[in-house]
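One structure is given below, encoded as structure tokens.
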Amino acid sequence: MLVVVLALLAALSNAAASVLQRRAAADEPEGGAGVRQAVRWLGRVLRRPYWVAGAGMLALSTVLQAAALGVGGLALVQPLMAAELLFTLVVGSVVFHRRPDRGTWLAFAALAAGLAAFLTSVAPAAGRSTASAGRWIVATGMVLGAVVALVVTARAVRGAPRAGLLGLASAVSFSLTAALLKEVTGRIPDGVGAVLGTWPVYATAAAGAVAFLLLQSAFRAGTLAASQPALTLGDALTSVALGWALFGEQITLGVRVVPAVIGVALMGAGAAGLARAPSVSGGWDAASRSPGDDVSRPVP
């Protein structure tokens, strides 16, 4: 039960952080393309109260997730984190004072249910608490390659596709951060001095910083309806892969292949529904609402 409570609280904190920081980003004009403009935009948005509150929730989520990973494996924690999708809509309805359209609710629900079903079905047995340096080199190289490819592709598109690609790049980076946190917590029995004197704690900070910057870029590029599913699903699925590759969390499907297939089908249906949802175009989590915009309903 402790793992369940910690993971759900981490999911709620993550959702609140995303909504609050997207709220700050929606208040700030994009200000053009280019690194200089992006840095100026980030400098302005970092001073907004919504962003500061979101940063606090993100820090709390990191602590809660680290605590959950300390008592459970990646593949046990991540299915519970799928609740973040629905928490995002609930918190967003309060912060933006409007409800997402029905299509977005149904799509997010299908994605969350499908992800939870898939990850529960393929949940690996608990593995090692730490990984060898060789495994870390290979896994980190593959993750960095994927992040670079996603960022380069995102630069060629605009709007929802760009937000989704940057959200996925951030997700992959966050999953690496979670795996590194698992490595750090696994070394705690050796003593605080041993933890601070080795590379994982500093690599965790570096990976977290990259994930953070990519997340802000995703919020700047488009709506939560475009970036949040990619962020949540990408983080969960990549974490399962890293749990297997790094910590030896073995997957044995057997008869559980049926719910795994159902989970994949639900995720596909959710993704297809989300592509058609009006909220993806920005009608739900925009800072202001233009006259006649009917893609979202005000919250009474």
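Each chain in the structure tokens gets a letter, A, B, ..., in the order shown, and its residues are numbered from 1; ligands are numbered from 1 in order too.
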
### Message
Residues of segment 70-291 of chain A classed as helix (DSSP H, G or I) by DSSP on the backbone are to be reported as a ChimeraX atom specification.
### Response
/A:70-71,74-81,84-95,102-121,133-154,160-190,192-196,200-221,224-247,254-276,278-281

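Non-sequential neighbours of segment 177-194 of chain A (distance at most 7 Å, separation of 5 or more positions within a chain, only C-alpha atoms) are A:Ala66, A:Leu69, A:Gly70, A:Ser129, A:Thr130, A:Pro200, A:Val201, A:Thr204, A:Ala207, A:Gly208, A:Leu242.
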
### Query
Could you pull the residues within 8 Å of Met267 of chain A, counting only C-alpha atoms, minus those fewer than 4 positions along the same chain, as an NGL selection string?
:A and (110-115 or 263 or 271)

Can you write just those residues out, all heavy atoms, as an mmCIF file, in the first residue's frame?
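Final file, selection_21.cif:
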```cif
data_model
loop_
_atom_site.group_PDB
_atom_site.id
_atom_site.type_symbol
_atom_site.label_atom_id
_atom_site.label_comp_id
_atom_site.auth_asym_id
_atom_site.auth_seq_id
_atom_site.Cartn_x
_atom_site.Cartn_y
_atom_site.Cartn_z
ATOM 1 N N ALA A 110 -8.817 6.435 -21.980
ATOM 2 C CA ALA A 110 -8.385 5.243 -22.716
ATOM 3 C C ALA A 110 -6.870 5.079 -22.631
ATOM 4 O O ALA A 110 -6.359 3.957 -22.442
ATOM 5 C CB ALA A 110 -8.830 5.335 -24.174
ATOM 6 N N LEU A 111 -6.140 6.175 -22.760
ATOM 7 C CA LEU A 111 -4.679 6.106 -22.660
ATOM 8 C C LEU A 111 -4.238 5.653 -21.278
ATOM 9 O O LEU A 111 -3.351 4.797 -21.137
ATOM 10 C CB LEU A 111 -4.076 7.472 -22.980
ATOM 11 C CG LEU A 111 -4.117 7.911 -24.449
ATOM 12 C CD1 LEU A 111 -3.742 9.384 -24.569
ATOM 13 C CD2 LEU A 111 -3.181 7.059 -25.291
ATOM 14 N N ALA A 112 -4.859 6.206 -20.238
ATOM 15 C CA ALA A 112 -4.488 5.838 -18.872
ATOM 16 C C ALA A 112 -4.819 4.379 -18.591
ATOM 17 O O ALA A 112 -3.998 3.627 -18.033
ATOM 18 C CB ALA A 112 -5.197 6.741 -17.872
ATOM 19 N N ALA A 113 -6.029 3.950 -18.964
ATOM 20 C CA ALA A 113 -6.424 2.559 -18.724
ATOM 21 C C ALA A 113 -5.554 1.595 -19.532
ATOM 22 O O ALA A 113 -5.128 0.550 -19.025
ATOM 23 C CB ALA A 113 -7.902 2.375 -19.084
ATOM 24 N N GLY A 114 -5.289 1.942 -20.795
ATOM 25 C CA GLY A 114 -4.464 1.075 -21.633
ATOM 26 C C GLY A 114 -3.045 0.971 -21.115
ATOM 27 O O GLY A 114 -2.463 -0.127 -21.076
ATOM 28 N N LEU A 115 -2.485 2.101 -20.700
ATOM 29 C CA LEU A 115 -1.122 2.087 -20.177
ATOM 30 C C LEU A 115 -1.037 1.269 -18.899
ATOM 31 O O LEU A 115 -0.123 0.459 -18.715
ATOM 32 C CB LEU A 115 -0.647 3.515 -19.914
ATOM 33 C CG LEU A 115 0.764 3.664 -19.348
ATOM 34 C CD1 LEU A 115 1.801 3.119 -20.319
ATOM 35 C CD2 LEU A 115 1.057 5.125 -19.028
ATOM 36 N N GLY A 263 -4.450 -3.575 -23.550
ATOM 37 C CA GLY A 263 -3.860 -2.300 -23.174
ATOM 38 C C GLY A 263 -3.315 -1.554 -24.378
ATOM 39 O O GLY A 263 -3.514 -0.341 -24.509
ATOM 40 N N ALA A 271 -5.001 7.372 -28.534
ATOM 41 C CA ALA A 271 -4.172 8.238 -29.381
ATOM 42 C C ALA A 271 -4.955 8.737 -30.592
ATOM 43 O O ALA A 271 -4.865 9.912 -30.969
ATOM 44 C CB ALA A 271 -2.924 7.483 -29.833
#
```

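Rounded to one decimal, atom CA of Thr62 of chain A and atom CA of Val172 of chain A lie 15.5 Å from each other.
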
### Query
In Å, how far is it from atom CA of Phe212 of chain A to atom CA of Leu60 of chain A?
14.3 Å

### Query
Mind pulling up the distance from atom CA of Leu80 of chain A to atom CA of Val4 of chain A?
7.0 Å

#### Entry: Distance criterion (only C-alpha atoms): nearest to Ala15 of chain A out of A:Ala68, A:Leu231, A:Ala226, A:Ala156
A:Leu231

Do a neighbour search on Gly248 of chain A at 8 Å with only C-alpha atoms, toss out local chain neighbours closer than 2 positions, and write the hits as a PDB file with C-alpha atoms, in the first residue's frame.
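Written file, part_13.pdb:
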```pdb
ATOM      1  CA  ALA A 126      12.033  -7.190  -9.078  1.00  0.00           C
ATOM      2  CA  GLY A 127      15.650  -7.088 -10.212  1.00  0.00           C
ATOM      3  CA  ARG A 128      18.902  -5.681  -8.925  1.00  0.00           C
ATOM      4  CA  GLY A 243      14.257  -1.523 -15.773  1.00  0.00           C
ATOM      5  CA  TRP A 244      14.847  -4.602 -17.926  1.00  0.00           C
ATOM      6  CA  ALA A 245      18.077  -3.400 -19.519  1.00  0.00           C
ATOM      7  CA  LEU A 246      19.714  -1.996 -16.386  1.00  0.00           C
ATOM      8  CA  GLN A 250      12.515  -9.806 -16.210  1.00  0.00           C
TER       9      GLN A 250
END
```

#### Entry: Residues within 8 Å of Ala17 of chain A, only C-alpha atoms, excluding chain neighbours under 6 positions, as a ChimeraX atom specification
/A:53-58

Write out, as an mmCIF file, in the first residue's frame, the residues just selected, with all heavy atoms.
```cif
data_model
loop_
_atom_site.group_PDB
_atom_site.id
_atom_site.type_symbol
_atom_site.label_atom_id
_atom_site.label_comp_id
_atom_site.auth_asym_id
_atom_site.auth_seq_id
_atom_site.Cartn_x
_atom_site.Cartn_y
_atom_site.Cartn_z
ATOM 1 N N ALA A 53 5.069 27.917 -8.510
ATOM 2 C CA ALA A 53 4.252 26.909 -7.832
ATOM 3 C C ALA A 53 4.412 25.548 -8.507
ATOM 4 O O ALA A 53 4.504 24.508 -7.835
ATOM 5 C CB ALA A 53 2.788 27.336 -7.835
ATOM 6 N N GLY A 54 4.448 25.559 -9.842
ATOM 7 C CA GLY A 54 4.647 24.305 -10.566
ATOM 8 C C GLY A 54 5.994 23.680 -10.276
ATOM 9 O O GLY A 54 6.121 22.454 -10.164
ATOM 10 N N ALA A 55 7.027 24.513 -10.150
ATOM 11 C CA ALA A 55 8.356 23.993 -9.820
ATOM 12 C C ALA A 55 8.359 23.340 -8.451
ATOM 13 O O ALA A 55 9.002 22.295 -8.238
ATOM 14 C CB ALA A 55 9.382 25.128 -9.871
ATOM 15 N N GLY A 56 7.624 23.937 -7.508
ATOM 16 C CA GLY A 56 7.515 23.332 -6.182
ATOM 17 C C GLY A 56 6.843 21.982 -6.228
ATOM 18 O O GLY A 56 7.281 21.020 -5.564
ATOM 19 N N MET A 57 5.788 21.860 -7.039
ATOM 20 C CA MET A 57 5.101 20.574 -7.176
ATOM 21 C C MET A 57 5.991 19.546 -7.869
ATOM 22 O O MET A 57 5.952 18.357 -7.540
ATOM 23 C CB MET A 57 3.803 20.768 -7.967
ATOM 24 C CG MET A 57 2.763 21.637 -7.273
ATOM 25 S SD MET A 57 2.330 21.055 -5.613
ATOM 26 C CE MET A 57 1.626 19.448 -5.982
ATOM 27 N N LEU A 58 6.809 19.998 -8.832
ATOM 28 C CA LEU A 58 7.717 19.075 -9.512
ATOM 29 C C LEU A 58 8.776 18.554 -8.546
ATOM 30 O O LEU A 58 9.135 17.370 -8.575
ATOM 31 C CB LEU A 58 8.379 19.785 -10.696
ATOM 32 C CG LEU A 58 9.219 18.907 -11.637
ATOM 33 C CD1 LEU A 58 8.365 17.803 -12.253
ATOM 34 C CD2 LEU A 58 9.848 19.760 -12.736
#
```

### Task
Give me the residues within 10 Å of segment 85-94 of chain A as a ChimeraX atom specification, counting only C-alpha atoms and dropping any in the same chain fewer than 6 places off.
/A:8,11-20,22-23,100,104-113,224-225,228-229,231-233,284-285,296-299

### Summary
Restricting to only C-alpha atoms, whichever of A:Val264, A:Leu214, A:Val257, A:Val77 is closest to Ser239 of chain A is A:Val77

### Task
Name the closest residue to Ala139 of chain A among the candidates A:Phe96, A:Leu76, A:Leu176, A:Ala116; distances are taken between atoms, counting only C-alpha atoms.
A:Leu176
